[in-house]
Amino acid sequence: MAGGGIVEGGGTRAHLYEGRTTSFVVIACIVAASGGLIFGYDIGISGGVTSMDDFLVKFFPVVERHKNQSTKDQDYCKYDNQKLTAFTSSLYLAGLVASFGASGVTRRFGRRPSILFGGFSFLIGAALNAAAVNLPMLILGRIMLGVGIGFGNQLIVQAVPLYLSEMAPAKLRGGLNIMFQFAINIGILAANLINYGTAKIKPWGWRLSLGLAAVPAALMFVGGLFLPETSNSLIERGHLEKGRALLVKVRGTTNVDAEFEDMVDASKKANEVKHPFRNILKKRNRPQLVMATFIPFFQQLTGINAIMFYAPVLFKTIGFGGDASLYSAVITGAVNALAIFVSIFAVDRLGRRILFLQAGVQMFISQMVIGIILGEKFGGSKQMSKDFGVFVVIVICIYVAGFAWSWGPLGWLVPSEIFPLETRSAGQSITVSVNLFFTFVIAQSFLAMLCHFKYGIFLFFAGWVVVMSIFVYLFLPETKSVPIEEMINVWRKHWFWKQIIPAIDLYNGDEKLDWHFQSKDYAENQTVQLSGSGFNKEHM
Ligand code: BGC
């Protein structure tokens, strides 16, 4: 049976599924992915604002004074201030706290209800920030934006990737899902451009930057109202007819029986699962659990948000003027938004692994080069020349491009496509929580790490890139073109995971029965029968 991937053994009917990429699929995906815009805007906006002197004078006079008086050996420490970083990071911590329990809401009410509250919270947050007269108001505004992410996360980081993966035909799943990351990147770029413009409006340009967060918030709110549920979610909540009707519309054919019945079967199984979080800890879900935890962790350890959050501050730290810092951030933002097309093109043709591995090499080399240049040419009595400054921006762009076609989009795509229905929502919650937590950690600690590690911070991230590339090489099987419902097979064929998960759990995962199937011969025999449509050697 498909849909849940819980019970296999020749039962899958995925090869019988019919459907084309209807305009409905495309529009629904575009509307859904627009949720990424607001996530991106909030990522991109804080760094530029933080680097504006008017903003610093008003809220962080200590940083402003310190920055102007810093001595040579404090070159890397100009902006090191925990309250300043709390302005950026508080959003992610609030988002994390607010999103606990989000999976339960989704299971009971579907993917939409929290969006209204999320949208409302975003609007309040944007208003508080734009009108802020003191630090508490500013931080409270950021916290409200975070609460918006936490609740709206049912649409934004939680549901959108899931939604895109569930809606998309297997062969196009990667490319369509990446629309989410594309939206994030457009949000970041828009924020970089707006900061570049508003920095010239003195002394209140920063208010405009922060207040404009209301635009994507409103977009999300209205978009959320018009967004259809997914068939899976409707069926899971017992609205069988509605689920079927939606499937017919989405697939563009009335011949949806096989897929519909599989979804119904799967949702029965999913509803029988009373404790998805306990379930996810079972041995048979181990590979997915490991991926759902490590992929977002590694994504943040690439160091990308050192650039996305703090590029203008970083560029100012190494001696650029205010204007140059902000347009350099626009350049890295534009590279981030454009390079993603490589991934949209390649992900369903070449696969996920090759992108991860190629980009790993690229990111490692560029981070080493940045670290070495900064070490040689900046700090102490050394002031960086303009030529080297330009070179650093170019190398940062090469690094960002690598991220933009690998860990950026795949950090959301892979976790959203590997779980069976029974644990999919819970699995996605874990991914989101881990992502938000480490986003918070990097946002809060980067400027302090820059101050203490100096140029070594880039070597530190380069080291992590090596670790994560080895992890992908050894443990992540290829998921390209595998129907979500058949995904379980990729683990069963994987050299490492096949030793971890029970060979076959024909009895709905009752591991007490697994001893029946421990025999190697039996397992291999079954694996032969398992190879169904869309699954071939390449997925080993
Ligand atoms: C990450 C963000 C990051 C962004 C950059 C996303 O996938 O989750 O933390 O800022 O990519 O494009």
# chains A, B, ... in the order shown; residues from 1 in each chain; ligands from 1

call {"tool": "residues_near_ligand", "arguments": {"ligand": "ligand 1", "cutoff": "6 Å", "atoms": "only C-alpha atoms and all ligand atoms", "output": "ChimeraX atom specification"}}
result
/A:43,181,185,305,308,408-409,439

call {"tool": "residues_around", "arguments": {"residues": "Ala218 (chain A)", "least_positions_apart": "2", "cutoff": "10 Å", "atoms": "only C-alpha atoms", "output": "ChimeraX atom specification"}}
result
/A:38,119-120,122-123,213-216,220-224

call {"tool": "closest_residue", "arguments": {"among": "A:Pro203, A:Ile149, A:Leu172, A:Ala98", "to": "Ala217 (chain A)", "atoms": "only C-alpha atoms"}}
result
A:Ile149

call {"tool": "residues_around", "arguments": {"residues": "Leu474 (chain A)", "least_positions_apart": "3", "cutoff": "12 Å", "atoms": "only C-alpha atoms", "output": "JSON, numbers by chain"}}
result
{"A": [353, 357, 467, 468, 469, 470, 471, 477, 478, 494, 495, 496, 497, 540]}

call {"tool": "residues_around", "arguments": {"residues": "Ser90 (chain A)", "least_positions_apart": "6", "cutoff": "8 Å", "atoms": "only C-alpha atoms", "output": "list in words"}}
result
Ile139, Arg142, Ile143, Gly146 and Phe440 of chain A

call {"tool": "write_last_selection", "arguments": {"atoms": "N, CA, C and O atoms", "output": "CSV table (one decimal), in the first residue's frame"}}
result
chain,number,residue,atom,x,y,z
A,139,ILE,N,12.1,44.7,20.7
A,139,ILE,CA,12.3,43.3,20.9
A,139,ILE,C,10.9,42.6,20.9
A,139,ILE,O,10.7,41.6,20.3
A,142,ARG,N,9.8,42.1,17.5
A,142,ARG,CA,10.5,40.9,16.9
A,142,ARG,C,9.8,39.6,17.4
A,142,ARG,O,9.7,38.6,16.7
A,143,ILE,N,9.5,39.6,18.7
A,143,ILE,CA,8.9,38.4,19.3
A,143,ILE,C,7.6,38.1,18.7
A,143,ILE,O,7.2,37.0,18.3
A,146,GLY,N,8.1,36.5,15.5
A,146,GLY,CA,8.4,35.1,15.8
A,146,GLY,C,7.2,34.3,16.0
A,146,GLY,O,7.0,33.2,15.5
A,440,PHE,N,18.5,30.5,15.7
A,440,PHE,CA,18.6,31.4,16.9
A,440,PHE,C,20.1,31.3,17.4
A,440,PHE,O,20.6,32.4,17.7

call {"tool": "closest_residue", "arguments": {"among": "A:Met137, A:Leu210, A:Leu128, A:Val392", "to": "Phe315 (chain A)", "atoms": "only C-alpha atoms"}}
result
A:Val392

call {"tool": "atom_distance", "arguments": {"atom1": "CA of Gln300 (chain A)", "atom2": "CA of Tyr79 (chain A)"}}
result
21.2 Å

call {"tool": "select_by_dssp", "arguments": {"residues": "region 147-236 of chain A", "states": "alpha helix (DSSP H)", "output": "ChimeraX atom specification"}}
result
/A:147-152,159-167,173-198,205-211,214-226,231-236
